$ cat query15.tsv   # TSV, C-alpha atoms
chain	number	residue	atom	x	y	z
A	1	MET	CA	13.80	8.44	-37.94
A	2	THR	CA	16.29	10.58	-39.83
A	3	THR	CA	20.01	9.95	-39.61
A	4	LYS	CA	21.46	12.17	-36.91
A	5	LYS	CA	24.84	12.58	-35.33
A	6	PRO	CA	25.13	10.38	-32.23
A	7	GLU	CA	25.74	13.41	-29.99
A	8	LEU	CA	22.45	14.99	-31.08
A	9	LEU	CA	20.67	11.66	-30.88
A	10	ILE	CA	21.66	11.06	-27.24
A	11	ARG	CA	20.65	14.64	-26.32
A	12	GLU	CA	17.24	14.26	-27.93
A	13	LEU	CA	16.65	10.76	-26.62
A	14	LEU	CA	17.57	11.73	-23.05
A	15	THR	CA	15.32	14.80	-23.24
A	16	CYS	CA	12.41	12.76	-24.60
A	17	SER	CA	12.96	10.03	-22.02
A	18	ILE	CA	12.79	12.64	-19.25
A	19	ILE	CA	9.57	14.06	-20.68
A	20	MET	CA	8.11	10.55	-21.13
A	21	GLU	CA	8.88	9.56	-17.54
A	22	LYS	CA	7.35	12.78	-16.19
A	23	ASN	CA	4.21	12.21	-18.25
A	24	VAL	CA	3.96	8.58	-17.17
A	25	ALA	CA	4.36	9.67	-13.54
A	26	GLU	CA	1.54	12.21	-13.98
A	27	LEU	CA	-0.64	9.56	-15.60
A	28	PHE	CA	-0.17	7.08	-12.76
A	29	PHE	CA	-0.71	9.77	-10.12
A	30	GLU	CA	-4.02	10.50	-11.87
A	31	LEU	CA	-4.90	6.79	-11.89
A	32	HIS	CA	-4.01	6.64	-8.20
A	33	ARG	CA	-6.40	9.51	-7.45
A	34	LYS	CA	-9.24	8.19	-9.61
A	35	THR	CA	-9.23	4.51	-8.59
A	36	ARG	CA	-11.18	3.12	-5.62
A	37	ASP	CA	-9.40	-0.18	-4.90
A	38	PRO	CA	-6.80	0.58	-2.17
A	39	VAL	CA	-4.28	-2.04	-3.34
A	40	ILE	CA	-4.46	-0.90	-6.95
A	41	LYS	CA	-4.12	2.71	-5.74
A	42	LEU	CA	-0.95	1.75	-3.87
A	43	LEU	CA	0.52	0.05	-6.94
A	44	PHE	CA	-0.31	3.04	-9.15
A	45	LYS	CA	1.31	5.39	-6.66
A	46	THR	CA	4.42	3.19	-6.59
A	47	ILE	CA	4.72	3.27	-10.39
A	48	ALA	CA	4.15	7.05	-10.38
A	49	LEU	CA	6.86	7.63	-7.77
A	50	GLU	CA	9.33	5.38	-9.57
A	51	SER	CA	8.64	7.07	-12.91
A	52	SER	CA	9.16	10.46	-11.30
A	53	ASN	CA	12.44	9.16	-9.89
A	54	HIS	CA	13.47	7.90	-13.34
A	55	ALA	CA	12.91	11.39	-14.76
A	56	SER	CA	15.08	12.83	-12.00
A	57	ILE	CA	17.89	10.31	-12.62
A	58	LEU	CA	17.83	10.98	-16.37
A	59	GLU	CA	17.85	14.75	-15.74
A	60	ASP	CA	20.89	14.31	-13.50
A	61	ILE	CA	22.66	12.32	-16.22
A	62	ALA	CA	21.82	15.02	-18.78
A	63	ASP	CA	23.05	17.76	-16.42
A	64	THR	CA	26.24	15.90	-15.51
A	65	TYR	CA	27.26	15.47	-19.15
A	66	GLY	CA	25.77	18.69	-20.54
A	67	LEU	CA	23.24	16.78	-22.62
A	68	LYS	CA	20.13	18.95	-22.29
A	69	GLN	CA	18.40	19.66	-25.60
A	70	GLU	CA	15.67	22.22	-26.20
A	71	GLY	CA	12.95	22.10	-28.82
A	72	VAL	CA	12.86	18.34	-29.37
A	73	ASP	CA	9.88	16.77	-31.13
A	74	CYS	CA	9.54	13.67	-28.98
A	75	ARG	CA	6.95	12.13	-31.29
A	76	GLU	CA	9.90	11.17	-33.48
A	77	TYR	CA	11.08	8.82	-30.72
A	78	HIS	CA	7.85	8.01	-28.89
A	79	GLY	CA	5.15	8.77	-31.47
A	80	GLU	CA	2.34	6.38	-30.58
A	81	GLN	CA	3.34	6.32	-26.91
A	82	CYS	CA	3.00	10.12	-26.68
A	83	ILE	CA	-0.48	9.87	-28.18
A	84	ILE	CA	-1.45	7.10	-25.73
A	85	ILE	CA	-0.29	9.11	-22.72
A	86	GLU	CA	-1.97	12.31	-23.90
A	87	SER	CA	-5.29	10.60	-24.63
A	88	VAL	CA	-5.36	8.69	-21.33
A	89	LEU	CA	-4.39	11.81	-19.35
A	90	ASN	CA	-7.13	13.83	-21.05
A	91	GLN	CA	-9.62	11.05	-20.33
A	92	LEU	CA	-8.59	10.93	-16.66
A	93	LYS	CA	-8.69	14.69	-16.19
A	94	ASN	CA	-12.30	14.73	-17.40
A	95	THR	CA	-13.56	12.20	-14.89
A	96	SER	CA	-13.80	12.04	-11.12
A	97	GLU	CA	-13.49	8.26	-10.90
A	98	VAL	CA	-12.40	5.44	-13.21
A	99	SER	CA	-14.72	2.44	-13.53
A	100	LEU	CA	-13.28	-1.08	-13.73
A	101	GLU	CA	-14.21	-1.28	-17.41
A	102	GLU	CA	-12.45	2.03	-18.15
A	103	LEU	CA	-9.46	0.91	-16.09
A	104	LYS	CA	-9.24	-2.33	-18.09
A	105	ILE	CA	-9.10	-0.40	-21.38
A	106	ILE	CA	-6.50	2.04	-20.02
A	107	LEU	CA	-4.30	-0.72	-18.62
A	108	GLU	CA	-4.34	-2.64	-21.90
A	109	LYS	CA	-2.82	0.45	-23.52
A	110	LEU	CA	-0.30	0.95	-20.73
A	111	VAL	CA	1.09	-2.61	-20.90
A	112	ILE	CA	2.27	-1.81	-24.42
A	113	LEU	CA	3.66	1.53	-23.26
A	114	GLU	CA	5.73	0.13	-20.38
A	115	ASN	CA	7.18	-2.60	-22.60
A	116	PHE	CA	8.13	-0.02	-25.23
A	117	ILE	CA	9.84	2.21	-22.68
A	118	ALA	CA	11.94	-0.60	-21.21
A	119	GLU	CA	12.82	-2.48	-24.36
A	120	GLU	CA	12.88	0.04	-27.18
A	121	THR	CA	13.96	3.24	-25.46
A	122	TYR	CA	16.41	2.11	-22.83
A	123	HIS	CA	17.81	-1.20	-24.11
A	124	LYS	CA	17.98	-0.59	-27.84
A	125	LEU	CA	18.60	3.16	-28.06
A	126	LEU	CA	19.85	4.84	-24.90
A	127	LEU	CA	22.25	2.22	-23.49
A	128	PRO	CA	24.31	1.82	-26.70
A	129	LEU	CA	24.60	5.61	-27.04
A	130	VAL	CA	25.69	5.99	-23.42
A	131	ILE	CA	28.33	3.30	-23.82
A	132	ASP	CA	29.65	4.83	-27.04
A	133	LEU	CA	29.49	8.53	-26.22
A	134	LEU	CA	29.94	9.26	-22.55
A	135	PRO	CA	33.56	9.94	-21.67
A	136	ASN	CA	33.94	8.38	-18.23
A	137	ASN	CA	32.13	6.38	-15.59
A	138	THR	CA	30.04	4.81	-18.34
A	139	ASP	CA	29.71	1.58	-16.36
A	140	LEU	CA	28.10	3.48	-13.48
A	141	ILE	CA	25.67	5.29	-15.80
A	142	VAL	CA	24.82	1.94	-17.42
A	143	GLN	CA	24.00	0.61	-13.93
A	144	LEU	CA	21.60	3.51	-13.36
A	145	ILE	CA	19.88	2.94	-16.70
A	146	ASN	CA	19.70	-0.80	-16.05
A	147	LYS	CA	18.02	-0.06	-12.70
A	148	ILE	CA	15.40	1.96	-14.61
A	149	VAL	CA	14.93	-0.97	-17.02
A	150	VAL	CA	14.31	-3.33	-14.08
A	151	ASP	CA	11.74	-0.89	-12.69
A	152	GLU	CA	10.03	-0.65	-16.10
A	153	GLU	CA	9.81	-4.44	-16.22
A	154	PHE	CA	8.22	-4.35	-12.74
A	155	HIS	CA	5.75	-1.73	-13.99
A	156	GLU	CA	4.79	-3.88	-16.95
A	157	LYS	CA	4.30	-6.99	-14.77
A	158	THR	CA	2.32	-5.00	-12.22
A	159	ILE	CA	0.01	-3.56	-14.86
A	160	LYS	CA	-0.52	-7.05	-16.31
A	161	SER	CA	-1.33	-8.39	-12.82
A	162	ILE	CA	-3.82	-5.61	-12.13
A	163	LEU	CA	-5.35	-6.18	-15.56
A	164	GLY	CA	-5.69	-9.91	-14.84
A	165	ARG	CA	-7.35	-9.16	-11.51
A	166	ILE	CA	-9.85	-6.80	-13.16
A	167	LYS	CA	-10.64	-9.24	-15.96
A	168	SER	CA	-11.33	-12.02	-13.44
A	169	GLN	CA	-13.91	-9.91	-11.55
$ encode --input "query15.tsv" --output "structure tokens"
Amino acid sequence: MTTKKPELLIRELLTCSIIMEKNVAELFFELHRKTRDPVIKLLFKTIALESSNHASILEDIADTYGLKQEGVDCREYHGEQCIIIESVLNQLKNTSEVSLEELKIILEKLVILENFIAEETYHKLLLPLVIDLLPNNTDLIVQLINKIVVDEEFHEKTIKSILGRIKSQ
């Protein structure tokens, strides 16, 4: 990653986080539609709804502080994760149903993705920038981002649990 001014960095990172959450929501809505098991469907829908909500919260933060950024290459921040999401989405769009074996392979990829989003994006990059750069009510914004981190940890644990269930079948 090139050295950038913190103001540009927070704009780009927020924008890419919004895009990432929207794409993750789309991915889990697709998994919800293409999976037979009703409990797994429910869990996928929950993750999709929460990810969609995360995108909305981050958009509100960007709007509140005038931090929207156009023309960002998000692969700079989420390179491999973007590729994972794109490939899984393309795979899902070309099938009417996901087999357990296909689901196992997809979920193994998504465990890594959810961990990256929580740990790398929010904890290590976004939170420090928010604390340093936002002029007021930083503690409240930090609470919102920490709520997203807790949800991401839930997503990771849920995916691991589903994966364990599939592997044991």
$ closest_residue --input "query15.tsv" --among "A:Phe28, A:Tyr65, A:Phe44, A:Tyr77" --to "Leu9 of chain A" --atoms "all atoms listed in the file"
A:Tyr77
$ closest_residue --input "query15.tsv" --among "A:Ile148, A:Ile131, A:Leu8, A:Leu67" --to "Ala55 of chain A" --atoms "only C-alpha atoms"
A:Ile148
$ closest_atom_pairs --input "query15.tsv" --of "segment 17-87 of chain A" --to "segment 138-143 of chain A" --cutoff "12 Å" --atoms "all atoms listed in the file" --output "tab-separated table"
residue	atom	partner	partner_atom	distance
A:Ile57	CA	A:Ile141	CA	9.8
A:Leu58	CA	A:Ile141	CA	9.7
A:Asp60	CA	A:Ile141	CA	10.5
A:Ile61	CA	A:Ile141	CA	7.7
A:Ala62	CA	A:Ile141	CA	10.9
A:Thr64	CA	A:Ile141	CA	10.6
A:Tyr65	CA	A:Ile141	CA	10.8
$ write_last_selection --input "query15.tsv" --atoms "C-alpha atoms" --output "PDB file, in the coordinates of the input"
ATOM      1  CA  ILE A  57      17.890  10.310 -12.620  1.00  0.00           C
ATOM      2  CA  LEU A  58      17.830  10.980 -16.370  1.00  0.00           C
ATOM      3  CA  ASP A  60      20.890  14.310 -13.500  1.00  0.00           C
ATOM      4  CA  ILE A  61      22.660  12.320 -16.220  1.00  0.00           C
ATOM      5  CA  ALA A  62      21.820  15.020 -18.780  1.00  0.00           C
ATOM      6  CA  THR A  64      26.240  15.900 -15.510  1.00  0.00           C
ATOM      7  CA  TYR A  65      27.260  15.470 -19.150  1.00  0.00           C
TER       8      TYR A  65
END
$ residues_near_point --input "query15.tsv" --point "(5.4, 12.1, -11.4)" --cutoff "12 Å" --atoms "all atoms listed in the file" --output "list in words"
Ile18, Ile19, Met20, Glu21, Lys22, Asn23, Val24, Ala25, Glu26, Leu27, Phe28, Phe29, Glu30, Leu31, His32, Phe44, Lys45, Thr46, Ile47, Ala48, Leu49, Glu50, Ser51, Ser52, Asn53, His54, Ala55 and Ser56 of chain A
$ closest_residue --input "query15.tsv" --among "A:Leu14, A:Leu42, A:Val88, A:Leu110" --to "Asp63 of chain A" --atoms "all atoms listed in the file"
A:Leu14
$ closest_residue --input "query15.tsv" --among "A:Leu43, A:Leu100, A:Cys74, A:Gly66" --to "Gln169 of chain A" --atoms "only C-alpha atoms"
A:Leu100
$ decode --input "query15.tsv" --residues "segment 2-42 of chain A" --atoms "N, CA and C atoms" --output "CSV table (one decimal), in the first residue's frame"
chain,number,residue,atom,x,y,z
A,2,THR,N,0.6,2.2,-0.9
A,2,THR,CA,1.4,3.4,-0.9
A,2,THR,C,1.1,4.3,0.3
A,3,THR,N,2.0,5.2,0.6
A,3,THR,CA,1.8,6.1,1.7
A,3,THR,C,0.8,7.2,1.2
A,4,LYS,N,-0.2,7.4,2.0
A,4,LYS,CA,-1.3,8.3,1.6
A,4,LYS,C,-1.5,9.2,2.8
A,5,LYS,N,-2.1,10.4,2.6
A,5,LYS,CA,-2.5,11.2,3.7
A,5,LYS,C,-3.6,10.5,4.4
A,6,PRO,N,-3.7,10.7,5.7
A,6,PRO,CA,-4.7,10.0,6.5
A,6,PRO,C,-6.1,10.3,6.1
A,7,GLU,N,-6.4,11.6,5.7
A,7,GLU,CA,-7.7,12.0,5.3
A,7,GLU,C,-8.1,11.2,4.0
A,8,LEU,N,-7.2,11.0,3.1
A,8,LEU,CA,-7.6,10.2,1.9
A,8,LEU,C,-7.7,8.7,2.3
A,9,LEU,N,-6.8,8.3,3.1
A,9,LEU,CA,-6.9,6.9,3.6
A,9,LEU,C,-8.2,6.5,4.2
A,10,ILE,N,-8.7,7.4,5.1
A,10,ILE,CA,-10.0,7.1,5.8
A,10,ILE,C,-11.1,7.1,4.7
A,11,ARG,N,-11.1,8.0,3.8
A,11,ARG,CA,-12.1,8.1,2.7
A,11,ARG,C,-12.1,6.8,1.9
A,12,GLU,N,-11.0,6.4,1.5
A,12,GLU,CA,-10.9,5.2,0.7
A,12,GLU,C,-11.3,4.0,1.4
A,13,LEU,N,-10.8,3.9,2.7
A,13,LEU,CA,-11.1,2.7,3.5
A,13,LEU,C,-12.6,2.6,3.8
A,14,LEU,N,-13.2,3.7,4.1
A,14,LEU,CA,-14.6,3.7,4.4
A,14,LEU,C,-15.4,3.3,3.1
A,15,THR,N,-15.0,3.8,2.0
A,15,THR,CA,-15.7,3.5,0.7
A,15,THR,C,-15.5,2.0,0.4
A,16,CYS,N,-14.3,1.5,0.6
A,16,CYS,CA,-14.1,0.1,0.3
A,16,CYS,C,-14.8,-0.8,1.3
A,17,SER,N,-14.9,-0.4,2.5
A,17,SER,CA,-15.6,-1.2,3.5
A,17,SER,C,-17.1,-1.2,3.2
A,18,ILE,N,-17.6,-0.1,2.7
A,18,ILE,CA,-19.0,-0.1,2.3
A,18,ILE,C,-19.3,-1.1,1.2
A,19,ILE,N,-18.4,-1.0,0.2
A,19,ILE,CA,-18.5,-1.9,-1.0
A,19,ILE,C,-18.4,-3.4,-0.6
A,20,MET,N,-17.4,-3.6,0.3
A,20,MET,CA,-17.1,-5.0,0.8
A,20,MET,C,-18.4,-5.5,1.5
A,21,GLU,N,-18.9,-4.7,2.4
A,21,GLU,CA,-20.1,-5.2,3.1
A,21,GLU,C,-21.3,-5.4,2.2
A,22,LYS,N,-21.5,-4.6,1.2
A,22,LYS,CA,-22.6,-4.8,0.3
A,22,LYS,C,-22.4,-6.1,-0.5
A,23,ASN,N,-21.1,-6.3,-0.9
A,23,ASN,CA,-20.8,-7.6,-1.7
A,23,ASN,C,-21.0,-8.8,-0.8
A,24,VAL,N,-20.6,-8.7,0.4
A,24,VAL,CA,-20.7,-9.9,1.3
A,24,VAL,C,-22.2,-10.1,1.6
A,25,ALA,N,-23.0,-9.1,1.7
A,25,ALA,CA,-24.4,-9.2,1.9
A,25,ALA,C,-25.0,-9.9,0.7
A,26,GLU,N,-24.7,-9.5,-0.5
A,26,GLU,CA,-25.2,-10.1,-1.7
A,26,GLU,C,-24.8,-11.6,-1.8
A,27,LEU,N,-23.5,-11.9,-1.4
A,27,LEU,CA,-23.0,-13.3,-1.4
A,27,LEU,C,-23.9,-14.2,-0.5
A,28,PHE,N,-24.1,-13.7,0.7
A,28,PHE,CA,-24.9,-14.5,1.7
A,28,PHE,C,-26.4,-14.6,1.3
A,29,PHE,N,-26.9,-13.6,0.7
A,29,PHE,CA,-28.3,-13.7,0.2
A,29,PHE,C,-28.3,-14.8,-0.9
A,30,GLU,N,-27.3,-14.8,-1.7
A,30,GLU,CA,-27.2,-15.9,-2.7
A,30,GLU,C,-27.1,-17.3,-2.1
A,31,LEU,N,-26.3,-17.4,-1.1
A,31,LEU,CA,-26.1,-18.7,-0.4
A,31,LEU,C,-27.5,-19.0,0.3
A,32,HIS,N,-28.1,-18.1,0.8
A,32,HIS,CA,-29.5,-18.3,1.4
A,32,HIS,C,-30.4,-18.9,0.4
A,33,ARG,N,-30.4,-18.3,-0.8
A,33,ARG,CA,-31.4,-18.8,-1.8
A,33,ARG,C,-31.0,-20.1,-2.4
A,34,LYS,N,-29.7,-20.5,-2.4
A,34,LYS,CA,-29.2,-21.7,-3.1
A,34,LYS,C,-29.0,-22.9,-2.1
A,35,THR,N,-29.3,-22.7,-0.9
A,35,THR,CA,-29.0,-23.8,0.1
A,35,THR,C,-30.3,-24.4,0.5
A,36,ARG,N,-30.4,-25.7,0.7
A,36,ARG,CA,-31.6,-26.4,1.1
A,36,ARG,C,-31.9,-26.4,2.6
A,37,ASP,N,-30.8,-26.7,3.4
A,37,ASP,CA,-31.0,-26.8,4.9
A,37,ASP,C,-31.6,-25.5,5.4
A,38,PRO,N,-32.8,-25.7,6.1
A,38,PRO,CA,-33.5,-24.5,6.6
A,38,PRO,C,-32.8,-23.7,7.7
A,39,VAL,N,-32.0,-24.4,8.5
A,39,VAL,CA,-31.3,-23.7,9.6
A,39,VAL,C,-30.1,-22.9,9.0
A,40,ILE,N,-29.4,-23.6,8.1
A,40,ILE,CA,-28.3,-22.9,7.4
A,40,ILE,C,-28.8,-21.7,6.6
A,41,LYS,N,-29.9,-21.9,6.0
A,41,LYS,CA,-30.5,-20.8,5.2
A,41,LYS,C,-30.8,-19.6,6.2
A,42,LEU,N,-31.3,-19.9,7.3
A,42,LEU,CA,-31.6,-18.8,8.3
A,42,LEU,C,-30.4,-18.1,8.7
